[in-house]
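Structure file query-v5.txt (compact mmCIF, C-alpha atoms and all ligand atoms) follows.
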# COMPACT_ATOMS: atom_id res chain seq x y z
CA MET S 1 -18.98 6.22 -52.01
CA THR S 2 -19.32 4.56 -48.63
CA GLY S 3 -22.78 4.99 -47.09
CA ARG S 4 -24.20 4.88 -43.60
CA ALA S 5 -25.73 1.48 -44.40
CA ASP S 6 -22.19 0.12 -44.86
CA ALA S 7 -21.26 1.36 -41.38
CA LEU S 8 -24.40 -0.14 -39.87
CA ARG S 9 -23.66 -3.46 -41.54
CA LEU S 10 -20.16 -3.48 -39.95
CA ASP S 11 -21.73 -2.70 -36.56
CA ALA S 12 -24.20 -5.58 -36.91
CA GLN S 13 -21.27 -7.99 -37.41
CA ASP S 14 -19.16 -6.48 -34.60
CA PRO S 15 -18.48 -9.06 -31.85
CA LEU S 16 -17.72 -6.21 -29.38
CA ARG S 17 -20.94 -4.26 -29.97
CA ASP S 18 -22.39 -5.18 -26.54
CA ARG S 19 -19.45 -3.48 -24.74
CA ARG S 20 -20.60 0.08 -25.43
CA GLU S 21 -23.47 0.04 -22.96
CA ARG S 22 -20.94 -0.63 -20.18
CA PHE S 23 -19.73 3.00 -20.40
CA HIS S 24 -21.28 6.35 -19.56
CA LEU S 25 -21.34 8.24 -22.85
CA PRO S 26 -23.37 11.47 -22.86
CA GLU S 27 -26.25 11.75 -25.30
CA GLY S 28 -25.26 13.53 -28.51
CA VAL S 29 -21.53 12.95 -28.10
CA ILE S 30 -19.27 10.92 -30.38
CA TYR S 31 -16.23 10.29 -28.25
CA LEU S 32 -13.01 9.96 -30.22
CA ASP S 33 -10.62 10.97 -27.44
CA GLY S 34 -10.28 7.80 -25.37
CA ASN S 35 -6.57 7.99 -26.21
CA SER S 36 -6.35 11.06 -23.94
CA LEU S 37 -8.98 10.25 -21.31
CA GLY S 38 -11.02 7.07 -21.38
CA PRO S 39 -14.73 7.43 -20.50
CA LEU S 40 -16.28 6.33 -17.21
CA PRO S 41 -17.17 2.61 -17.04
CA LYS S 42 -20.57 2.07 -15.41
CA GLU S 43 -18.99 -0.43 -12.98
CA THR S 44 -16.58 2.16 -11.62
CA SER S 45 -18.97 4.16 -9.45
CA GLY S 46 -20.31 1.04 -7.70
CA ARG S 47 -16.78 -0.19 -7.13
CA LEU S 48 -15.65 3.13 -5.71
CA GLN S 49 -18.75 3.36 -3.54
CA ARG S 50 -17.92 -0.02 -1.96
CA VAL S 51 -14.33 1.01 -1.32
CA LEU S 52 -15.57 4.26 0.22
CA ASP S 53 -18.39 2.89 2.37
CA ALA S 54 -17.23 -0.56 3.44
CA GLU S 55 -13.47 -0.43 3.17
CA TRP S 56 -12.63 3.13 4.16
CA GLY S 57 -15.83 4.07 6.02
CA GLN S 58 -16.21 0.90 8.06
CA GLY S 59 -12.86 -0.87 7.79
CA LEU S 60 -10.72 2.22 8.39
CA ILE S 61 -7.00 1.45 8.82
CA ARG S 62 -7.78 -2.28 9.11
CA SER S 63 -8.56 -2.37 5.39
CA TRP S 64 -4.87 -2.24 4.49
CA ASN S 65 -4.92 -5.89 5.61
CA THR S 66 -8.56 -7.00 5.53
CA ALA S 67 -9.44 -5.47 2.15
CA GLY S 68 -6.05 -6.26 0.63
CA TRP S 69 -5.17 -2.61 0.00
CA ILE S 70 -1.47 -3.24 0.53
CA ASP S 71 -1.36 -5.73 -2.36
CA MET S 72 -3.49 -3.69 -4.78
CA PRO S 73 -0.56 -2.24 -6.78
CA LEU S 74 0.62 -5.80 -7.45
CA ARG S 75 -2.82 -7.27 -8.10
CA VAL S 76 -3.82 -4.57 -10.56
CA GLY S 77 -0.30 -4.59 -12.00
CA ASP S 78 -0.67 -8.30 -12.81
CA LYS S 79 -4.02 -7.61 -14.48
CA ILE S 80 -2.41 -4.94 -16.67
CA GLY S 81 0.39 -7.43 -17.32
CA ARG S 82 -2.18 -9.80 -18.85
CA LEU S 83 -3.03 -7.10 -21.40
CA LEU S 84 0.66 -6.63 -22.17
CA GLY S 85 1.91 -10.20 -22.48
CA ALA S 86 3.76 -9.96 -19.17
CA ALA S 87 3.81 -12.96 -16.82
CA PRO S 88 2.78 -12.18 -13.20
CA GLY S 89 5.19 -10.40 -10.89
CA GLN S 90 6.66 -7.95 -13.41
CA VAL S 91 4.16 -5.08 -13.49
CA VAL S 92 3.16 -2.81 -10.64
CA VAL S 93 0.80 0.17 -10.46
CA ALA S 94 2.55 3.26 -9.17
CA ASP S 95 2.96 7.00 -9.51
CA SER S 96 2.69 8.62 -12.95
CA THR S 97 4.20 7.61 -16.28
CA SER S 98 6.67 10.50 -15.95
CA VAL S 99 7.88 9.36 -12.53
CA ASN S 100 8.13 5.74 -13.67
CA LEU S 101 10.23 6.83 -16.64
CA PHE S 102 12.64 8.47 -14.21
CA LYS S 103 12.92 5.21 -12.25
CA VAL S 104 13.55 2.95 -15.23
CA LEU S 105 15.98 5.39 -16.87
CA ALA S 106 18.05 5.57 -13.69
CA ALA S 107 17.90 1.79 -13.24
CA ALA S 108 18.92 1.19 -16.86
CA LEU S 109 21.93 3.51 -16.50
CA ALA S 110 22.99 1.66 -13.35
CA LEU S 111 22.86 -1.62 -15.31
CA ARG S 112 25.17 -0.19 -18.00
CA PRO S 113 27.66 1.78 -15.88
CA ASP S 114 30.24 2.12 -18.67
CA ARG S 115 27.78 3.67 -21.16
CA THR S 116 26.62 7.28 -21.17
CA VAL S 117 24.00 7.75 -23.88
CA VAL S 118 20.23 7.30 -23.97
CA VAL S 119 18.79 7.25 -27.47
CA SER S 120 15.26 8.48 -28.02
CA GLU S 121 13.14 9.96 -30.77
CA SER S 122 13.15 13.68 -31.47
CA GLY S 123 9.36 13.51 -31.77
CA ASN S 124 8.85 11.63 -28.53
CA PHE S 125 6.26 12.83 -26.04
CA PRO S 126 8.00 15.73 -24.29
CA THR S 127 7.72 14.40 -20.74
CA ASP S 128 9.83 11.38 -21.71
CA LEU S 129 12.61 13.69 -22.86
CA TYR S 130 12.16 16.08 -19.95
CA MET S 131 12.55 13.26 -17.41
CA ALA S 132 15.78 12.15 -19.07
CA GLN S 133 16.99 15.77 -18.98
CA GLY S 134 16.13 16.01 -15.28
CA LEU S 135 18.04 12.85 -14.54
CA ALA S 136 21.04 14.14 -16.49
CA GLY S 137 20.94 17.32 -14.41
CA LEU S 138 21.16 15.22 -11.29
CA LEU S 139 23.85 12.83 -12.53
CA GLY S 140 26.26 15.39 -13.99
CA GLY S 141 25.26 15.03 -17.63
CA ARG S 142 24.59 11.30 -17.76
CA PRO S 143 22.62 10.33 -19.71
CA ALA S 144 23.52 12.35 -22.77
CA LEU S 145 20.36 12.31 -24.89
CA ARG S 146 20.78 11.36 -28.53
CA LEU S 147 17.62 12.17 -30.45
CA VAL S 148 16.86 10.68 -33.84
CA GLU S 149 13.87 10.11 -36.08
CA ARG S 150 12.02 6.98 -34.91
CA HIS S 151 12.62 5.02 -38.09
CA SER S 152 16.37 5.83 -38.22
CA LEU S 153 17.38 4.16 -34.97
CA ALA S 154 19.91 1.68 -36.32
CA GLU S 155 22.66 4.26 -37.00
CA ALA S 156 22.21 5.90 -33.59
CA ILE S 157 22.66 2.84 -31.39
CA GLY S 158 26.39 2.39 -30.85
CA PRO S 159 28.54 0.88 -28.07
CA ASP S 160 28.14 4.03 -25.94
CA VAL S 161 24.35 3.57 -25.65
CA ALA S 162 22.99 2.38 -22.31
CA ALA S 163 19.30 2.45 -23.19
CA VAL S 164 16.88 3.24 -25.98
CA MET S 165 13.66 4.90 -24.83
CA LEU S 166 10.82 4.74 -27.32
CA THR S 167 7.08 5.32 -27.42
CA GLN S 168 5.62 2.36 -29.29
CA VAL S 169 2.65 4.26 -30.74
CA ASP S 170 3.52 7.84 -31.68
CA TYR S 171 1.18 10.19 -29.83
CA ARG S 172 0.98 12.57 -32.76
CA THR S 173 0.59 10.35 -35.81
CA GLY S 174 -0.31 6.92 -34.42
CA ASP S 175 2.73 5.36 -36.13
CA MET S 176 3.47 2.03 -34.39
CA LEU S 177 6.90 0.47 -33.97
CA ASP S 178 7.49 -3.29 -34.15
CA MET S 179 8.43 -3.97 -30.54
CA ALA S 180 10.13 -7.32 -31.07
CA ALA S 181 12.24 -6.24 -34.05
CA THR S 182 13.24 -2.93 -32.45
CA THR S 183 14.11 -4.58 -29.14
CA ARG S 184 16.32 -7.06 -31.02
CA LEU S 185 18.15 -4.16 -32.67
CA VAL S 186 18.69 -2.51 -29.28
CA HIS S 187 19.96 -5.73 -27.69
CA GLU S 188 22.35 -6.42 -30.55
CA ALA S 189 24.13 -3.21 -29.56
CA GLY S 190 24.21 -4.28 -25.91
CA ALA S 191 21.69 -1.62 -24.86
CA LEU S 192 18.44 -1.89 -22.90
CA ALA S 193 14.98 -1.26 -24.36
CA ILE S 194 12.58 1.04 -22.48
CA TRP S 195 9.08 1.14 -23.95
CA ASP S 196 6.48 3.81 -23.29
CA LEU S 197 3.11 2.12 -23.82
CA ALA S 198 0.91 5.18 -23.19
CA HIS S 199 -0.91 4.68 -26.51
CA SER S 200 -0.52 0.90 -26.66
CA ALA S 201 -1.90 -0.44 -23.37
CA GLY S 202 -5.53 -1.42 -23.89
CA ALA S 203 -5.38 -0.35 -27.55
CA VAL S 204 -3.23 -2.90 -29.37
CA PRO S 205 -1.93 -6.39 -28.54
CA VAL S 206 1.43 -6.10 -26.77
CA ASP S 207 3.78 -8.96 -25.92
CA LEU S 208 6.45 -7.58 -23.61
CA ASP S 209 7.88 -10.93 -22.51
CA SER S 210 8.17 -12.48 -25.94
CA ALA S 211 9.56 -9.24 -27.41
CA GLY S 212 12.30 -9.37 -24.77
CA ALA S 213 11.57 -5.84 -23.55
CA ASP S 214 13.63 -4.72 -20.57
CA PHE S 215 11.42 -2.02 -19.05
CA ALA S 216 8.07 -0.44 -19.88
CA VAL S 217 5.79 2.26 -18.52
CA GLY S 218 2.34 3.51 -19.40
CA CYS S 219 -0.73 5.49 -18.38
CA GLY S 220 -3.86 4.36 -16.57
CA TYR S 221 -6.15 7.12 -17.78
CA LYS S 222 -6.00 6.61 -21.55
CA TYR S 223 -7.23 3.33 -23.10
CA LEU S 224 -7.29 1.67 -19.65
CA ASN S 225 -10.18 3.95 -18.61
CA GLY S 226 -8.84 4.48 -15.07
CA GLY S 227 -10.06 8.08 -14.72
CA PRO S 228 -8.40 11.50 -14.90
CA GLY S 229 -4.87 11.33 -13.49
CA ALA S 230 -5.17 7.58 -12.82
CA PRO S 231 -1.99 5.95 -11.53
CA ALA S 232 0.45 4.57 -14.09
CA PHE S 233 2.21 1.21 -14.37
CA VAL S 234 5.80 0.06 -14.66
CA TYR S 235 7.14 -3.23 -16.05
CA VAL S 236 10.53 -4.63 -15.10
CA ALA S 237 11.48 -7.87 -16.89
CA GLU S 238 11.94 -10.65 -14.35
CA ARG S 239 15.65 -11.06 -15.20
CA HIS S 240 16.31 -7.44 -14.21
CA ILE S 241 14.38 -7.36 -10.94
CA PRO S 242 17.25 -8.51 -8.69
CA ALA S 243 19.50 -5.69 -9.97
CA PHE S 244 16.76 -3.05 -10.45
CA ARG S 245 17.82 0.02 -8.46
CA ASN S 246 14.89 2.36 -7.93
CA PRO S 247 16.33 5.85 -7.38
CA LEU S 248 13.11 6.84 -5.57
CA SER S 249 13.70 4.37 -2.77
CA GLY S 250 10.60 5.00 -0.72
CA TRP S 251 9.40 2.78 2.08
CA MET S 252 6.81 0.92 -0.02
CA GLY S 253 9.68 -0.45 -2.11
CA HIS S 254 11.47 -1.70 1.00
CA ALA S 255 11.74 -5.43 1.70
CA ALA S 256 9.92 -4.95 5.03
CA PRO S 257 8.31 -1.50 5.27
CA PHE S 258 6.82 -2.19 8.68
CA ARG S 259 10.13 -3.02 10.28
CA PHE S 260 10.91 0.69 10.01
CA GLU S 261 14.61 0.12 9.56
CA THR S 262 17.07 2.95 9.13
CA GLY S 263 18.67 1.56 5.98
CA PHE S 264 16.98 0.82 2.68
CA THR S 265 16.83 -2.81 1.57
CA PRO S 266 14.84 -3.23 -1.66
CA ALA S 267 11.99 -5.71 -1.82
CA PRO S 268 13.09 -8.92 -3.56
CA ASP S 269 10.23 -8.65 -6.06
CA ILE S 270 8.62 -6.03 -8.34
CA ARG S 271 7.53 -4.10 -5.24
CA ARG S 272 10.95 -2.48 -5.34
CA ALA S 273 9.58 -0.31 -8.16
CA LEU S 274 7.11 1.29 -5.70
CA CYS S 275 7.88 4.50 -3.85
CA GLY S 276 5.23 5.73 -1.40
CA THR S 277 1.73 4.79 -0.25
CA PRO S 278 -0.55 3.77 -3.13
CA PRO S 279 -3.63 5.97 -3.83
CA ILE S 280 -6.25 3.29 -3.09
CA LEU S 281 -9.31 5.11 -4.44
CA ALA S 282 -7.53 5.79 -7.69
CA VAL S 283 -6.16 2.25 -7.96
CA ALA S 284 -9.69 0.88 -7.38
CA ALA S 285 -11.04 3.02 -10.24
CA LEU S 286 -8.17 1.89 -12.45
CA GLU S 287 -8.91 -1.76 -11.65
CA ALA S 288 -12.52 -1.29 -12.77
CA GLY S 289 -11.31 0.17 -16.06
CA VAL S 290 -8.78 -2.62 -16.62
CA ASP S 291 -11.44 -5.25 -15.85
CA GLU S 292 -13.44 -4.00 -18.84
CA LEU S 293 -10.53 -4.82 -21.13
CA LEU S 294 -9.85 -8.21 -19.53
CA GLN S 295 -13.33 -9.33 -20.61
CA VAL S 296 -12.44 -9.06 -24.30
CA ASP S 297 -9.89 -10.72 -26.53
CA MET S 298 -7.10 -8.33 -27.56
CA VAL S 299 -7.01 -9.84 -31.05
CA ALA S 300 -10.73 -9.07 -31.52
CA LEU S 301 -10.09 -5.60 -30.09
CA ARG S 302 -7.34 -4.95 -32.64
CA ALA S 303 -9.50 -6.27 -35.49
CA LYS S 304 -12.26 -3.83 -34.61
CA SER S 305 -9.82 -0.98 -34.10
CA LEU S 306 -8.42 -1.54 -37.60
CA SER S 307 -11.93 -1.74 -39.04
CA LEU S 308 -12.82 1.64 -37.46
CA VAL S 309 -9.53 3.21 -38.56
CA ARG S 310 -9.94 1.95 -42.15
CA LEU S 311 -13.51 3.22 -42.36
CA PHE S 312 -12.49 6.65 -41.02
CA ARG S 313 -9.59 6.91 -43.48
CA THR S 314 -11.77 5.84 -46.41
CA LEU S 315 -14.55 8.30 -45.55
CA VAL S 316 -12.13 11.18 -45.02
CA ALA S 317 -10.47 10.45 -48.38
CA GLU S 318 -13.89 10.44 -50.05
CA ARG S 319 -15.40 13.47 -48.36
CA CYS S 320 -12.76 15.77 -46.84
CA PRO S 321 -10.28 16.99 -49.49
CA ALA S 322 -9.26 19.92 -47.26
CA VAL S 323 -7.38 17.69 -44.81
CA SER S 324 -4.47 15.32 -45.28
CA LEU S 325 -3.59 12.15 -43.46
CA ALA S 326 -0.63 12.24 -41.05
CA GLY S 327 1.34 9.10 -40.31
CA PRO S 328 1.69 5.78 -42.08
CA ALA S 329 -0.12 5.03 -45.33
CA GLU S 330 -1.06 1.55 -44.07
CA ALA S 331 -3.65 1.31 -41.29
CA GLU S 332 -1.86 -1.81 -39.96
CA ALA S 333 1.20 0.32 -39.15
CA CYS S 334 -0.88 2.48 -36.78
CA GLY S 335 -2.14 2.19 -33.25
CA SER S 336 -5.81 2.91 -32.56
CA GLN S 337 -5.82 6.53 -33.74
CA VAL S 338 -5.79 8.64 -36.88
CA SER S 339 -4.42 12.17 -37.18
CA LEU S 340 -5.39 14.66 -39.85
CA ARG S 341 -3.51 17.77 -40.84
CA HIS S 342 -5.21 21.11 -41.40
CA SER S 343 -3.46 24.48 -41.08
CA GLN S 344 -6.32 25.66 -38.82
CA GLY S 345 -6.66 22.30 -37.06
CA TYR S 346 -7.24 23.89 -33.65
CA ALA S 347 -10.29 25.87 -34.78
CA VAL S 348 -11.67 22.96 -36.82
CA MET S 349 -11.40 20.72 -33.76
CA GLN S 350 -13.16 23.26 -31.54
CA ALA S 351 -15.96 23.44 -34.11
CA LEU S 352 -16.18 19.63 -34.15
CA ILE S 353 -16.40 19.55 -30.35
CA ALA S 354 -19.15 22.17 -30.45
CA ARG S 355 -21.06 19.75 -32.70
CA GLY S 356 -20.51 16.84 -30.30
CA VAL S 357 -17.56 15.14 -32.02
CA ILE S 358 -14.80 15.07 -29.43
CA GLY S 359 -11.20 14.57 -30.52
CA ASP S 360 -8.20 16.71 -29.66
CA PHE S 361 -5.52 18.90 -31.19
CA ARG S 362 -1.73 18.65 -31.09
CA ALA S 363 0.35 21.59 -32.26
CA PRO S 364 1.10 22.73 -34.83
CA ASP S 365 -1.61 21.35 -37.12
CA LEU S 366 -2.80 17.89 -36.05
CA MET S 367 -6.38 16.89 -35.33
CA ARG S 368 -6.27 13.62 -33.43
CA PHE S 369 -9.03 11.01 -33.41
CA GLY S 370 -8.87 7.92 -31.19
CA PHE S 371 -10.93 4.81 -31.94
CA ALA S 372 -11.34 2.85 -28.73
CA PRO S 373 -13.06 -0.36 -29.88
CA LEU S 374 -14.95 -0.97 -26.63
CA TYR S 375 -17.36 1.90 -27.18
CA VAL S 376 -16.87 3.48 -30.62
CA SER S 377 -19.10 2.18 -33.43
CA HIS S 378 -18.78 2.32 -37.19
CA ALA S 379 -21.89 4.50 -37.22
CA ASP S 380 -20.04 6.93 -34.91
CA VAL S 381 -17.23 7.05 -37.44
CA PHE S 382 -19.62 7.71 -40.30
CA ASP S 383 -21.44 10.44 -38.41
CA ALA S 384 -18.21 12.08 -37.21
CA VAL S 385 -16.84 12.33 -40.74
CA GLY S 386 -20.21 13.73 -41.85
CA VAL S 387 -19.84 16.58 -39.35
CA LEU S 388 -16.21 17.18 -40.33
CA ALA S 389 -17.08 17.28 -44.05
CA ASP S 390 -19.93 19.70 -43.37
CA LEU S 391 -17.74 22.04 -41.30
CA LEU S 392 -15.01 22.05 -43.94
CA ASP S 393 -17.42 22.47 -46.89
CA THR S 394 -19.34 25.34 -45.30
CA GLY S 395 -16.39 27.02 -43.57
CA THR S 396 -18.44 27.25 -40.36
CA TRP S 397 -15.37 26.26 -38.32
CA ASP S 398 -13.93 29.73 -39.00
CA ARG S 399 -15.60 31.66 -36.19
CA PRO S 400 -13.78 33.74 -33.57
CA GLU S 401 -14.90 31.53 -30.68
CA PHE S 402 -13.25 28.47 -32.27
CA HIS S 403 -9.87 30.22 -32.49
CA ARG S 404 -9.70 31.04 -28.77
CA ARG S 405 -7.08 28.78 -27.17
CA ALA S 406 -7.87 26.95 -23.93
CA ALA S 407 -5.20 25.74 -21.50
CA VAL S 408 -5.70 22.10 -22.50
CA THR S 409 -5.97 21.41 -26.21
C1 LIG S 501 0.18 10.69 -22.19
C2 LIG S 501 1.63 10.38 -22.24
C3 LIG S 501 2.44 10.56 -21.12
C4 LIG S 501 1.88 11.20 -19.88
O1 LIG S 501 2.68 11.09 -18.76
P1 LIG S 501 2.04 11.49 -17.34
O2 LIG S 501 3.15 11.33 -16.40
O3 LIG S 501 0.90 10.55 -17.11
O4 LIG S 501 1.53 12.87 -17.44
C5 LIG S 501 3.76 10.14 -21.21
N1 LIG S 501 4.26 9.63 -22.36
C6 LIG S 501 3.50 9.47 -23.46
C7 LIG S 501 4.08 8.89 -24.70
C8 LIG S 501 2.17 9.87 -23.44
O5 LIG S 501 1.42 9.75 -24.54

Take the structure from the file and write it as structure tokens.
Amino acid sequence: MTGRADALRLDAQDPLRDRRERFHLPEGVIYLDGNSLGPLPKETSGRLQRVLDAEWGQGLIRSWNTAGWIDMPLRVGDKIGRLLGAAPGQVVVADSTSVNLFKVLAAALALRPDRTVVVSESGNFPTDLYMAQGLAGLLGGRPALRLVERHSLAEAIGPDVAAVMLTQVDYRTGDMLDMAATTRLVHEAGALAIWDLAHSAGAVPVDLDSAGADFAVGCGYKYLNGGPGAPAFVYVAERHIPAFRNPLSGWMGHAAPFRFETGFTPAPDIRRALCGTPPILAVAALEAGVDELLQVDMVALRAKSLSLVRLFRTLVAERCPAVSLAGPAEAEACGSQVSLRHSQGYAVMQALIARGVIGDFRAPDLMRFGFAPLYVSHADVFDAVGVLADLLDTGTWDRPEFHRRAAVT
């Protein structure tokens, strides 16, 4: 049996152990939901206060120039690019992941005018599929969505496929696709690869440029710790920028927004992926969150993430026979999360939250636990499994209040 001393020993050797104090984490809470909403970095409030007082309060409209507001989507985009193996000038902060999916799907279809199909996974995050459906409604049925299981892509990608839209780390099970190998498969069929990095960015090493990815999108509020509803990012590979047609051709994507011309001419660079005015307060908070990740090595981050995931899996196998593991058998084939199945997973998760262990629930039966290496310790993992084992052994999760469904699960 694995003991708490084993967890403490792993923490003592953890090169990232000094990162935790850089986040606000309430007393008595073990936070295993950074994959849904990252916690508040301590630097963020000071940063926002300066933007509020000096830049907005004193600088007023001048701050678009003097405080560099107008370039913030590019500056923060390049910082996110460093986490994703993207050379500067290919990532911009804009809108939401859903909206950015719409842009890259439309742009990909325009680059493959003789092809009609977009392949995606039947288990993809629903908004990805919904955005493709919305686009098809607008374009008279193009793209036709072809949905397959994520590990049976090869048969589905034929000469009629314009693009393949995949989420690298499955939001339900944590299953992680090999980006380079999958992109190669997509390119061999003449299609374009669109990657959703919602559960990859800031969680696992990503190498968009060397994988040859065409387009990518992802969230700012998950592992990037940008705050609730933080703006998202979009990556367009440099070779596609000149032909990238943003269907949401707002003035911030224009070559010269302040010439106020009647006709739309796209910016020559990644700015063409922008639409309207950037939300400066939200971008400033996102930058503070991204800066936390830029201070650490992504390889060390992944090593700790795997160590946490392995410890959690081992402890659950030892102490929680009432649940089963969802997703890959090998920890290395996962992102930074573990999901457990239990027929009453919703109630068990509510009981866990009531005891200070915060994860989340995804229908029909998955309890999801995220292990963000910047602030989760091995001792947290040990203590969380202790609470889970106690709830399951005693049956104390089975109370009416834990079965009551809230709007957000
Ligand atoms: C969280 C998540 C989203 C969320 O999209 P929003 O537009 O930010 O609401 C999209 N795709 C995946 C795979 C996600 O996990």

Let me make sure I understand: among S:Phe23, S:Tyr31, S:Tyr235, S:Phe382, which one has the smallest atom-to-atom distance to S:Glu43 if we use all atoms listed in the file?
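Nearest candidate to S:Glu43 out of S:Phe23, S:Tyr31, S:Tyr235, S:Phe382: S:Phe23.
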
Box for stretch 19-30 of chain S - axis-aligned, 5 Å on each of the six sides, all listed atoms - centre and size in Å to one decimal, as JSON.
{"center_x": -22.8, "center_y": 5.0, "center_z": -25.0, "size_x": 17.0, "size_y": 27.0, "size_z": 20.8}

Which residues are close to stretch 134-151 of chain S, i.e. within 7 Å by only C-alpha atoms, leaving aside same-chain residues fewer than 4 positions away? Reply as a list in words.
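Result of the neighbour search: Phe102, Thr116, Val117, Val118, Val119, Ser120, Glu121, Ser122 and Tyr130 of chain S.
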
Out of S:Asp95, S:Asp78, S:Asp53, S:Asp390, which residue has the shortest atom-to-atom distance to ligand LIG 501 (chain S) when counting only C-alpha atoms and all ligand atoms?
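Ranked by minimum distance to ligand LIG 501 (chain S), first place goes to S:Asp95.
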
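From atom CA of S:His199 back to atom CA of S:Ala300, the distance works out to 17.6 Å.
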
List as a PyMOL selection string the protein and nucleic acid residues lying within 9 Å of ligand LIG 501 (chain S), with all atoms listed in the file counted.
chain S and resi 35-36+95-101+124-128+166-172+196-199+217-222+229-232

For stretch 319-331 of chain S, find every residue with an atom within 10 Å (counting all atoms listed in the file), except residues of its own chain fewer than 2 positions away, and show them as a PyMOL selection string.
chain S and resi 1-2+170+172-176+305-310+313-317+333-343+345+365-368+385-386+388-393

Nearest residue to S:Glu238 out of S:Ala132, S:Ala267, S:Ala285, S:Val91, using only C-alpha atoms?
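Of S:Ala132, S:Ala267, S:Ala285, S:Val91, the one nearest S:Glu238 is S:Val91, counting only C-alpha atoms.
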
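Residue nearest S:Ala213, chosen from S:Ala67, S:Ala372, S:Val299, S:Val236 and counting all atoms listed in the file: S:Val236.
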
Atom-to-atom span, atom CA of S:Leu293 and atom CA of S:Val204, Å
11.2 Å

Counting only C-alpha atoms, the residue of S:Ile241, S:Ile30, S:Met72, S:Ile61 that sits nearest S:Val283
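Ranking S:Ile241, S:Ile30, S:Met72, S:Ile61 by distance to S:Val283, first place goes to S:Met72.
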
Which distance in Å separates atom CA of S:His254 and atom CA of S:Ala193, to one decimal?
25.6 Å

Identify which of the residues S:Ala189, S:Leu311, S:Ala211, S:Ala351 lies closest to S:Glu155, counting only C-alpha atoms when measuring atom-to-atom distances.
S:Ala189

Mind listing as a PyMOL selection string all residues within 8 Å of (-11.0, 4.9, -12.3), counting only C-alpha atoms?
chain S and resi 40+44+221+225-228+230+282-289

Which polymer residues have any atom within 7 Å of an atom of stretch 394-409 of chain S, counting all atoms listed in the file, with same-chain residues fewer than 6 positions away left out, as an MDAnalysis selection string?
chainID S and resid 346:348 350:351 360:361
